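This is coords.cif (mmCIF, C-alpha atoms and all ligand atoms).
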```cif
data_model
#
loop_
_atom_site.label_atom_id
_atom_site.label_comp_id
_atom_site.auth_asym_id
_atom_site.auth_seq_id
_atom_site.Cartn_x
_atom_site.Cartn_y
_atom_site.Cartn_z
CA MET A 32 -259.73 101.05 -14.30
CA SER A 33 -257.48 101.35 -11.23
CA LYS A 34 -253.92 100.04 -11.59
CA MET A 35 -254.87 97.54 -14.24
CA LYS A 36 -253.70 98.93 -17.55
CA LYS A 37 -251.59 96.55 -19.59
CA ILE A 38 -253.36 93.35 -20.54
CA LEU A 39 -252.00 90.35 -22.40
CA VAL A 40 -254.67 88.55 -24.40
CA ALA A 41 -253.40 85.06 -25.23
CA GLY A 42 -255.46 83.78 -28.12
CA GLY A 43 -256.51 87.29 -29.11
CA ALA A 44 -256.66 86.30 -32.80
CA GLY A 45 -259.39 83.77 -32.06
CA TYR A 46 -263.12 84.11 -31.96
CA ILE A 47 -263.75 85.21 -28.37
CA GLY A 48 -260.28 86.65 -27.75
CA SER A 49 -260.55 89.06 -30.69
CA ALA A 50 -263.85 90.49 -29.45
CA CYS A 51 -262.47 90.76 -25.95
CA ALA A 52 -259.32 92.58 -27.09
CA GLU A 53 -261.49 95.03 -29.03
CA TYR A 54 -263.69 95.58 -25.96
CA LEU A 55 -260.69 96.21 -23.68
CA ILE A 56 -259.12 98.67 -26.13
CA GLY A 57 -262.46 100.48 -26.30
CA LEU A 58 -262.25 100.92 -22.53
CA GLY A 59 -258.75 102.38 -22.73
CA TYR A 60 -256.60 99.35 -21.85
CA GLU A 61 -253.24 98.77 -23.53
CA VAL A 62 -253.66 95.38 -25.15
CA THR A 63 -251.04 92.96 -26.40
CA VAL A 64 -252.30 89.95 -28.31
CA PHE A 65 -250.22 86.77 -28.13
CA ASP A 66 -251.28 84.18 -30.68
CA SER A 67 -249.73 81.35 -32.69
CA LEU A 68 -252.29 81.86 -35.49
CA ALA A 69 -252.72 78.07 -35.47
CA THR A 70 -256.47 78.54 -35.43
CA GLY A 71 -256.73 82.34 -35.16
CA HIS A 72 -256.44 84.91 -37.93
CA ARG A 73 -254.07 87.84 -38.37
CA ASP A 74 -257.03 89.96 -39.50
CA ALA A 75 -258.81 89.15 -36.26
CA VAL A 76 -256.14 90.97 -34.27
CA ASP A 77 -257.40 94.45 -33.50
CA LYS A 78 -255.14 96.92 -35.35
CA ARG A 79 -254.78 99.01 -32.21
CA ALA A 80 -253.25 96.08 -30.28
CA GLN A 81 -249.61 95.14 -30.11
CA PHE A 82 -249.13 91.68 -31.60
CA ILE A 83 -246.75 88.93 -30.53
CA HIS A 84 -246.73 85.98 -32.92
CA GLY A 85 -245.77 83.09 -30.70
CA ASP A 86 -246.77 79.68 -29.49
CA LEU A 87 -247.41 79.07 -25.78
CA ALA A 88 -245.94 75.61 -26.32
CA ASP A 89 -242.58 77.37 -26.73
CA ARG A 90 -241.81 77.76 -23.05
CA ASP A 91 -238.66 79.89 -23.29
CA PHE A 92 -240.23 82.25 -25.80
CA THR A 93 -243.41 82.60 -23.73
CA ILE A 94 -241.63 83.29 -20.47
CA ALA A 95 -239.23 85.78 -22.10
CA ALA A 96 -242.14 87.63 -23.76
CA LEU A 97 -244.03 87.84 -20.47
CA LYS A 98 -240.99 89.05 -18.54
CA LYS A 99 -240.44 91.77 -21.11
CA LEU A 100 -244.07 92.91 -21.23
CA LYS A 101 -244.88 92.64 -17.51
CA PRO A 102 -248.64 92.79 -18.03
CA ASP A 103 -250.93 93.78 -15.15
CA GLY A 104 -253.37 91.08 -16.18
CA ILE A 105 -253.57 88.08 -18.48
CA MET A 106 -256.60 86.72 -20.29
CA HIS A 107 -256.10 83.21 -21.57
CA PHE A 108 -258.23 82.23 -24.57
CA ALA A 109 -255.54 80.26 -26.38
CA ALA A 110 -256.86 76.72 -26.44
CA PHE A 111 -258.37 74.12 -28.72
CA SER A 112 -262.10 73.97 -28.20
CA LEU A 113 -263.74 71.30 -30.32
CA VAL A 114 -265.53 68.56 -28.44
CA GLY A 115 -265.63 66.24 -31.45
CA GLU A 116 -261.94 66.65 -32.26
CA SER A 117 -260.98 66.12 -28.62
CA MET A 118 -262.64 62.72 -28.72
CA LYS A 119 -260.47 61.72 -31.69
CA ASP A 120 -257.18 63.28 -30.64
CA PRO A 121 -257.15 63.81 -26.85
CA GLY A 122 -253.36 64.29 -26.76
CA LYS A 123 -253.68 67.45 -28.84
CA TYR A 124 -256.00 68.86 -26.17
CA PHE A 125 -253.95 67.84 -23.15
CA ARG A 126 -250.68 69.09 -24.64
CA ASN A 127 -252.03 72.47 -25.66
CA ASN A 128 -254.77 73.24 -23.18
CA ILE A 129 -252.79 72.10 -20.17
CA GLY A 130 -249.08 71.93 -21.06
CA ALA A 131 -248.88 75.14 -23.09
CA GLY A 132 -251.19 76.90 -20.64
CA ILE A 133 -248.79 76.06 -17.80
CA ASN A 134 -246.03 77.89 -19.69
CA LEU A 135 -248.26 80.95 -19.69
CA LEU A 136 -248.85 80.59 -15.95
CA ASP A 137 -245.12 80.28 -15.32
CA GLY A 138 -244.64 83.37 -17.49
CA ALA A 139 -247.16 85.18 -15.28
CA VAL A 140 -245.19 84.20 -12.19
CA ALA A 141 -241.90 85.29 -13.79
CA ALA A 142 -243.42 88.62 -14.85
CA GLY A 143 -245.05 89.28 -11.48
CA THR A 144 -248.53 89.35 -13.05
CA SER A 145 -251.10 88.69 -10.37
CA ARG A 146 -254.43 88.64 -12.30
CA PHE A 147 -255.42 85.82 -14.59
CA VAL A 148 -258.74 85.32 -16.36
CA PHE A 149 -259.19 81.89 -17.86
CA SER A 150 -261.62 80.75 -20.57
CA SER A 151 -263.10 77.67 -19.01
CA THR A 152 -266.22 75.89 -20.11
CA CYS A 153 -269.49 74.32 -19.12
CA ALA A 154 -268.03 71.14 -20.66
CA THR A 155 -266.24 70.69 -17.32
CA TYR A 156 -269.61 69.66 -15.81
CA GLY A 157 -270.26 66.70 -18.10
CA GLU A 158 -273.83 65.59 -17.58
CA PRO A 159 -275.07 67.71 -14.69
CA ASP A 160 -277.53 66.42 -12.09
CA LYS A 161 -279.43 69.72 -12.03
CA ILE A 162 -280.36 72.34 -14.60
CA PRO A 163 -279.67 75.25 -14.53
CA ILE A 164 -276.11 74.39 -13.59
CA VAL A 165 -274.58 76.22 -10.64
CA GLU A 166 -270.85 76.42 -9.95
CA THR A 167 -271.02 73.89 -7.11
CA GLU A 168 -272.30 71.18 -9.48
CA LYS A 169 -269.94 68.20 -9.69
CA GLN A 170 -267.38 68.50 -12.49
CA ARG A 171 -267.34 65.19 -14.33
CA PRO A 172 -266.45 65.91 -17.97
CA ILE A 173 -267.59 63.45 -20.61
CA ASN A 174 -265.16 64.62 -23.26
CA ALA A 175 -261.40 65.21 -23.38
CA TYR A 176 -261.89 68.91 -24.13
CA GLY A 177 -263.83 69.43 -20.88
CA GLU A 178 -261.28 67.37 -18.96
CA SER A 179 -258.39 69.48 -20.30
CA LYS A 180 -260.11 72.67 -19.14
CA LEU A 181 -260.91 71.19 -15.75
CA MET A 182 -257.29 70.16 -15.27
CA PHE A 183 -256.22 73.71 -16.03
CA GLU A 184 -258.72 75.06 -13.51
CA LYS A 185 -257.08 72.79 -10.94
CA ALA A 186 -253.62 74.07 -11.88
CA LEU A 187 -254.90 77.62 -11.40
CA HIS A 188 -256.01 76.77 -7.90
CA TRP A 189 -252.48 75.68 -6.99
CA TYR A 190 -250.85 78.71 -8.67
CA SER A 191 -253.17 80.87 -6.66
CA LEU A 192 -252.24 79.15 -3.39
CA ILE A 193 -248.53 78.91 -4.08
CA HIS A 194 -247.80 82.02 -6.16
CA GLY A 195 -250.64 84.31 -5.11
CA ILE A 196 -252.13 84.65 -8.59
CA LYS A 197 -255.73 85.82 -8.37
CA TYR A 198 -257.77 84.08 -11.01
CA SER A 199 -261.26 83.86 -12.40
CA ALA A 200 -262.17 80.71 -14.31
CA LEU A 201 -265.05 81.73 -16.54
CA ARG A 202 -267.09 78.71 -17.55
CA TYR A 203 -268.71 79.76 -20.77
CA PHE A 204 -271.75 78.12 -22.13
CA ASN A 205 -272.07 78.38 -25.94
CA ALA A 206 -270.34 81.51 -27.20
CA ALA A 207 -272.17 82.97 -30.18
CA GLY A 208 -272.76 86.19 -32.11
CA ALA A 209 -270.34 88.79 -33.41
CA THR A 210 -269.27 92.39 -32.98
CA GLU A 211 -269.24 94.69 -36.00
CA ASN A 212 -265.66 93.76 -36.76
CA PHE A 213 -265.02 90.35 -35.25
CA GLY A 214 -266.88 87.10 -35.66
CA GLU A 215 -266.60 83.34 -35.82
CA ASP A 216 -264.35 81.82 -38.47
CA HIS A 217 -263.01 78.38 -37.61
CA ARG A 218 -261.52 76.26 -40.36
CA PRO A 219 -263.02 73.79 -40.62
CA GLU A 220 -266.13 75.20 -38.97
CA THR A 221 -267.91 72.77 -36.68
CA HIS A 222 -270.05 75.06 -34.51
CA LEU A 223 -273.77 75.14 -34.89
CA VAL A 224 -274.54 78.86 -35.34
CA PRO A 225 -271.93 79.66 -38.02
CA LEU A 226 -272.75 76.44 -39.88
CA VAL A 227 -276.47 77.16 -39.87
CA LEU A 228 -275.73 80.65 -41.23
CA LYS A 229 -273.38 79.20 -43.83
CA CYS A 230 -276.26 77.04 -44.95
CA ALA A 231 -278.58 80.07 -45.03
CA GLY A 232 -276.01 81.85 -47.20
CA GLY A 233 -275.82 78.94 -49.63
CA GLY A 234 -272.31 77.86 -48.64
CA ILE A 235 -273.42 74.34 -47.69
CA PRO A 236 -276.48 72.46 -48.91
CA SER A 237 -277.83 71.42 -45.50
CA ILE A 238 -277.15 71.41 -41.80
CA LYS A 239 -276.52 68.06 -40.18
CA VAL A 240 -278.34 67.66 -36.88
CA PHE A 241 -276.35 65.35 -34.61
CA GLY A 242 -279.08 63.18 -33.13
CA ASP A 243 -282.79 63.74 -32.58
CA ASP A 244 -283.25 61.03 -29.98
CA TYR A 245 -281.99 62.86 -26.89
CA PRO A 246 -284.27 63.12 -23.83
CA THR A 247 -285.22 66.73 -24.66
CA LYS A 248 -288.46 68.35 -25.86
CA ASP A 249 -287.73 67.86 -29.59
CA GLY A 250 -285.02 65.22 -29.24
CA THR A 251 -282.14 67.54 -30.19
CA CYS A 252 -279.48 68.83 -27.79
CA ILE A 253 -280.15 71.93 -25.75
CA ARG A 254 -277.49 74.59 -25.22
CA ASP A 255 -277.30 78.01 -23.61
CA TYR A 256 -276.03 80.58 -26.14
CA ILE A 257 -274.23 83.65 -24.88
CA HIS A 258 -273.07 86.66 -26.89
CA ILE A 259 -269.31 87.24 -27.13
CA LEU A 260 -269.73 90.89 -26.09
CA ASP A 261 -271.34 89.74 -22.88
CA LEU A 262 -268.41 87.38 -22.37
CA ALA A 263 -266.03 90.30 -22.97
CA GLN A 264 -267.81 92.38 -20.34
CA ALA A 265 -267.43 89.56 -17.79
CA HIS A 266 -263.71 89.23 -18.54
CA GLU A 267 -263.07 92.88 -17.87
CA LEU A 268 -265.01 92.74 -14.61
CA ALA A 269 -263.14 89.60 -13.57
CA LEU A 270 -259.79 91.37 -13.94
CA HIS A 271 -260.68 93.39 -10.88
CA SER A 272 -262.01 90.58 -8.74
CA GLU A 273 -260.21 90.22 -5.43
CA GLU A 274 -261.32 86.63 -5.06
CA SER A 275 -260.10 83.58 -6.93
CA SER A 276 -263.16 81.77 -8.14
CA ALA A 277 -265.07 80.11 -10.97
CA TYR A 278 -268.16 81.62 -12.59
CA ASN A 279 -270.68 80.35 -15.08
CA LEU A 280 -271.38 82.63 -18.00
CA GLY A 281 -274.61 81.76 -19.73
CA SER A 282 -277.95 83.34 -20.42
CA GLY A 283 -279.97 80.86 -18.39
CA ASN A 284 -282.05 80.05 -21.48
CA GLY A 285 -281.77 76.77 -23.31
CA TYR A 286 -282.39 76.34 -27.04
CA SER A 287 -282.47 73.09 -28.93
CA VAL A 288 -280.57 72.57 -32.17
CA MET A 289 -283.89 72.71 -34.04
CA GLU A 290 -284.82 75.97 -32.31
CA ILE A 291 -281.54 77.54 -33.37
CA ILE A 292 -282.21 76.49 -36.96
CA GLU A 293 -285.72 77.93 -36.78
CA THR A 294 -284.39 81.19 -35.32
CA ALA A 295 -281.86 81.42 -38.15
CA ARG A 296 -284.62 80.87 -40.71
CA LYS A 297 -286.54 83.79 -39.24
CA VAL A 298 -283.52 86.09 -38.90
CA THR A 299 -282.16 85.44 -42.39
CA GLY A 300 -285.41 84.83 -44.25
CA ARG A 301 -283.56 82.02 -46.04
CA LYS A 302 -284.21 78.35 -46.49
CA ILE A 303 -282.17 76.02 -44.29
CA ASN A 304 -282.27 72.33 -45.12
CA VAL A 305 -281.87 69.87 -42.28
CA GLU A 306 -280.43 66.37 -42.36
CA VAL A 307 -280.69 64.36 -39.14
CA VAL A 308 -277.64 62.15 -38.62
CA GLY A 309 -276.25 60.14 -35.70
CA ARG A 310 -275.18 61.56 -32.36
CA ARG A 311 -271.75 63.18 -31.99
CA PRO A 312 -269.65 61.47 -29.28
CA GLY A 313 -269.20 63.53 -26.13
CA ASP A 314 -272.36 65.63 -26.45
CA PRO A 315 -274.42 65.99 -23.24
CA PRO A 316 -278.17 66.33 -23.95
CA MET A 317 -278.62 69.62 -22.10
CA LEU A 318 -276.35 72.36 -20.82
CA VAL A 319 -277.96 75.47 -19.40
CA GLY A 320 -276.25 77.60 -16.79
CA SER A 321 -277.18 79.81 -13.92
CA SER A 322 -275.02 82.94 -13.92
CA ALA A 323 -276.39 84.33 -10.65
CA LEU A 324 -272.93 84.19 -9.06
CA ALA A 325 -271.23 86.21 -11.83
CA LYS A 326 -274.01 88.77 -11.63
CA LYS A 327 -273.72 89.05 -7.87
CA LYS A 328 -269.96 88.87 -7.40
CA LEU A 329 -268.65 90.45 -10.59
CA GLY A 330 -271.56 92.80 -11.25
CA TRP A 331 -272.03 91.19 -14.67
CA LYS A 332 -275.00 92.49 -16.67
CA PRO A 333 -275.40 90.55 -19.92
CA ARG A 334 -277.13 92.63 -22.60
CA PHE A 335 -278.05 90.04 -25.21
CA GLU A 336 -280.89 88.05 -23.75
CA ASN A 337 -282.64 87.33 -26.98
CA ILE A 338 -281.42 84.46 -29.15
CA ALA A 339 -282.63 86.19 -32.35
CA ALA A 340 -280.45 89.23 -31.57
CA ILE A 341 -277.44 86.96 -31.04
CA VAL A 342 -278.00 85.09 -34.31
CA GLU A 343 -278.67 88.37 -36.11
CA SER A 344 -275.33 89.84 -35.04
CA ALA A 345 -273.58 86.74 -36.41
CA TRP A 346 -275.58 86.97 -39.64
CA LYS A 347 -274.57 90.64 -40.11
CA TRP A 348 -270.91 89.71 -39.65
CA THR A 349 -271.23 86.82 -42.10
CA GLN A 350 -272.62 89.18 -44.70
CA LYS A 351 -269.98 91.82 -44.06
CA PHE A 352 -267.16 89.27 -44.26
CA PRO A 353 -268.32 86.64 -46.76
CA GLY A 354 -265.97 83.68 -46.60
CA GLY A 355 -264.57 84.95 -43.28
CA TYR A 356 -261.25 86.68 -42.65
CA LYS A 357 -258.92 87.21 -45.61
CA ASP A 358 -255.76 86.51 -43.63
N1 LIG A 401 -274.55 70.49 -33.73
C1 LIG A 401 -275.27 69.91 -34.75
N2 LIG A 401 -274.80 70.03 -36.02
C2 LIG A 401 -273.64 70.70 -36.31
C3 LIG A 401 -272.92 71.30 -35.26
C4 LIG A 401 -273.41 71.17 -33.97
O1 LIG A 401 -276.30 69.29 -34.54
O2 LIG A 401 -273.25 70.75 -37.49
C5 LIG A 401 -275.07 70.38 -32.35
C6 LIG A 401 -274.08 69.73 -31.39
O3 LIG A 401 -274.23 68.33 -31.41
C7 LIG A 401 -274.46 70.38 -30.06
C8 LIG A 401 -274.95 71.77 -30.46
O4 LIG A 401 -275.24 71.69 -31.87
O5 LIG A 401 -275.55 69.69 -29.49
C9 LIG A 401 -273.89 72.83 -30.25
O6 LIG A 401 -272.70 72.37 -30.82
P1 LIG A 401 -271.43 73.28 -31.02
O7 LIG A 401 -270.39 72.44 -31.73
O8 LIG A 401 -271.83 74.56 -31.68
O9 LIG A 401 -270.96 73.66 -29.55
P2 LIG A 401 -270.60 72.72 -28.28
O10 LIG A 401 -271.88 72.59 -27.50
O11 LIG A 401 -270.05 71.44 -28.77
O12 LIG A 401 -269.57 73.52 -27.56
#
```

Would you kindly transcribe this structure into structure tokens?
Ligand code: UDP
Amino acid sequence: MSKMKKILVAGGAGYIGSACAEYLIGLGYEVTVFDSLATGHRDAVDKRAQFIHGDLADRDFTIAALKKLKPDGIMHFAAFSLVGESMKDPGKYFRNNIGAGINLLDGAVAAGTSRFVFSSTCATYGEPDKIPIVETEKQRPINAYGESKLMFEKALHWYSLIHGIKYSALRYFNAAGATENFGEDHRPETHLVPLVLKCAGGGIPSIKVFGDDYPTKDGTCIRDYIHILDLAQAHELALHSEESSAYNLGSGNGYSVMEIIETARKVTGRKINVEVVGRRPGDPPMLVGSSALAKKKLGWKPRFENIAAIVESAWKWTQKFPGGYKD
């Protein structure tokens, strides 16, 4: 683990941040979660972590907290992440995902923290020319969410040049699955896997499929689903990277919306009704990533290569925590 010991996990009460905090603690790191609980949950903060209840938008508070803690590394998960919402309220995304994130970066500078791992996204690519997507693909987002993440990646580049912060921008494809303790609970939920499982559990009568007229094999959008524990592994590896760079994190396999529904039917043994509706603005037809660079440079070895295993882990969590987190 070298000198890296104290890690600040901004957004550690959220879906991916909570699993990552748990993973880091399991490896012996001292973890402090910083979260506003705007979309995260108190119960999603690992009990072994220190917790700071704060909003990155509060610049003075953020910088003071960072100066006091002096973390060796920062992982930044604290962002809004809904494509659909970003196309209705772009300001919310630019203010939080860029403005508030800059406060965290300035806090890192003030605290002398030199390692920064950022949750970026494949949405920064927009509609790629080539599949699977490699990191050198042009970044031309087609939604405000992707643009906000791309702008933050650009800010990181300048903080690295000017302040010497070493960063990894991890461009996730579709995060999915759960650990034994932490899973996906957005309110309202808009993501495909948890909604399909909600339908399997009887919580909603049907799953709406956003468009079946895309240029894909069955007409529904194709995504690359990656387990949150595999994302956590990549974050820990990235903490130690000597290079500032961006990496795709995906499985390299694409599944259509209909294939995810079919997988969930098999995994749960339940009926899942489908209702095809219109397209959702901002959705590219196909996003599948090549993660060869992360494997080569970070030594990343994803363990969940099977979509059924990913969906099954989410289903187990859903059954263990019916209705999601209590608090
Ligand atoms: N999707 C859908 N119905 C839903 C939610 C999502 O058809 O109720 C589709 C969505 O249009 C996209 C894919 O499922 O093609 C994955 O969407 P999600 O919101 O889970 O993740 P995103 O790709 O937007 O990050």

Checklist entry - Residues at most 6 Å from ligand LIG 401 (chain A), using only C-alpha atoms and all ligand atoms? Could they come as a list of chain:residue names? => result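 Every residue with an atom at most 6 Å from ligand LIG 401 (chain A) is listed here: A:Val114, A:Asn205, A:Thr221, A:His222, A:Leu223, A:Ile238, A:Lys239, A:Val240, A:Phe241, A:Cys252, A:Val288, A:Arg311, A:Asp314.
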
Checklist entry - If we count only C-alpha atoms, what is near Glu158 (chain A) at a cut-off of 8 Å, once residues fewer than 3 positions away on the same chain are taken out, given as a ChimeraX atom specification? => result /A:171-173,315-318

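Look at Ala339 (chain A): the protein and nucleic acid residues within 12 Å of it, using only C-alpha atoms and passing over chain neighbours fewer than 6 places away, are Ala207, Gly208, Val224, Tyr256, Ile257, His258, Tyr286, Glu290, Ile291, Ile292, Glu293, Thr294, Ala295, Arg296, Lys297, Val298, Thr299, Ala345 and Trp346 of chain A.
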
Keeping only C-alpha atoms, write the selected residues as a CSV table (one decimal), in the frame of the given file.
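The resulting file, again_34.csv, is shown below:
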```csv
chain,number,residue,atom,x,y,z
A,207,ALA,CA,-272.2,83.0,-30.2
A,208,GLY,CA,-272.8,86.2,-32.1
A,224,VAL,CA,-274.5,78.9,-35.3
A,256,TYR,CA,-276.0,80.6,-26.1
A,257,ILE,CA,-274.2,83.6,-24.9
A,258,HIS,CA,-273.1,86.7,-26.9
A,286,TYR,CA,-282.4,76.3,-27.0
A,290,GLU,CA,-284.8,76.0,-32.3
A,291,ILE,CA,-281.5,77.5,-33.4
A,292,ILE,CA,-282.2,76.5,-37.0
A,293,GLU,CA,-285.7,77.9,-36.8
A,294,THR,CA,-284.4,81.2,-35.3
A,295,ALA,CA,-281.9,81.4,-38.2
A,296,ARG,CA,-284.6,80.9,-40.7
A,297,LYS,CA,-286.5,83.8,-39.2
A,298,VAL,CA,-283.5,86.1,-38.9
A,299,THR,CA,-282.2,85.4,-42.4
A,345,ALA,CA,-273.6,86.7,-36.4
A,346,TRP,CA,-275.6,87.0,-39.6
```

Checklist entry - Quick one: of A:Ile338, A:Ala69, A:Ala325, A:Val308, who's nearest to Ala269 (chain A), counting all atoms listed in the file? => result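 Among the listed residues, A:Ala325 lies closest to Ala269 (chain A).
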
Checklist entry - To one decimal place, how far is CA of Pro333 (chain A) from CA of Glu273 (chain A) in Å? => result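 These atoms are spaced 21.0 Å apart.
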
Checklist entry - For Lys34 (chain A), which residue out of A:Leu270, A:Ile56, A:His107, A:Ala175 is the nearest one, using all atoms listed in the file? => result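 Using all atoms listed in the file, the shortest distance to Lys34 (chain A) belongs to A:Leu270.
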
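Within 9 Å of Gly42 (chain A), once all atoms listed in the file are used and residues closer than 6 positions along the same chain are dropped, the contacting residues are Gly48, Ser49, Val64, Phe65, Asp66, Ser67, Leu68, Gly71, Met106, His107, Phe108, Ala109 and Ala110 of chain A.
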
Keeping only C-alpha atoms, take the residues you just selected and write them out as a PDB file, in the frame of the given file.
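Resulting contents of selection_0.pdb:
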```pdb
ATOM      1  CA  GLY A  48    -260.280  86.650 -27.750  1.00  0.00           C
ATOM      2  CA  SER A  49    -260.550  89.060 -30.690  1.00  0.00           C
ATOM      3  CA  VAL A  64    -252.300  89.950 -28.310  1.00  0.00           C
ATOM      4  CA  PHE A  65    -250.220  86.770 -28.130  1.00  0.00           C
ATOM      5  CA  ASP A  66    -251.280  84.180 -30.680  1.00  0.00           C
ATOM      6  CA  SER A  67    -249.730  81.350 -32.690  1.00  0.00           C
ATOM      7  CA  LEU A  68    -252.290  81.860 -35.490  1.00  0.00           C
ATOM      8  CA  GLY A  71    -256.730  82.340 -35.160  1.00  0.00           C
ATOM      9  CA  MET A 106    -256.600  86.720 -20.290  1.00  0.00           C
ATOM     10  CA  HIS A 107    -256.100  83.210 -21.570  1.00  0.00           C
ATOM     11  CA  PHE A 108    -258.230  82.230 -24.570  1.00  0.00           C
ATOM     12  CA  ALA A 109    -255.540  80.260 -26.380  1.00  0.00           C
ATOM     13  CA  ALA A 110    -256.860  76.720 -26.440  1.00  0.00           C
TER      14      ALA A 110
END
```

Item to check | Distance criterion (only C-alpha atoms): nearest to Leu324 (chain A) out of A:Asp358, A:Glu215, A:Asp244, A:Glu166 | outcome: A:Glu166

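The coordinates place CA of Glu220 (chain A) at 22.9 Å from CA of Leu280 (chain A).
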
Checklist entry - Could you state the separation of CA of Ile196 (chain A) and CA of Phe147 (chain A) in Å, given to one decimal place? => result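 So the two atoms, CA of Ile196 (chain A) and CA of Phe147 (chain A), lie 6.9 Å apart.
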
Checklist entry - With only C-alpha atoms as the basis for distance, which of A:Arg218, A:Arg202, A:Arg126, A:Lys37 is at the shortest distance from Ser151 (chain A)? => result A:Arg202

Next on the checklist: I'd like the neighbourhood of Ala139 (chain A) as a PyMOL selection string, where a residue qualifies if any of its atoms comes within 10 Å (using only C-alpha atoms), though same-chain residues fewer than 3 positions away should be ignored.
Outcome noted: chain A and resi 93-94+97-98+101-105+133-136+142-147+190+194+196

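Residues in contact with Glu168 (chain A) at 12 Å, where all atoms listed in the file are counted and same-chain residues fewer than 2 positions away are skipped, are listed as Cys153, Ala154, Thr155, Tyr156, Gly157, Glu158, Pro159, Asp160, Lys161, Ile162, Pro163, Ile164, Val165, Glu166, Gln170, Arg171, Pro172, Ala277, Tyr278, Asn279, Gly320 and Ser321 of chain A.
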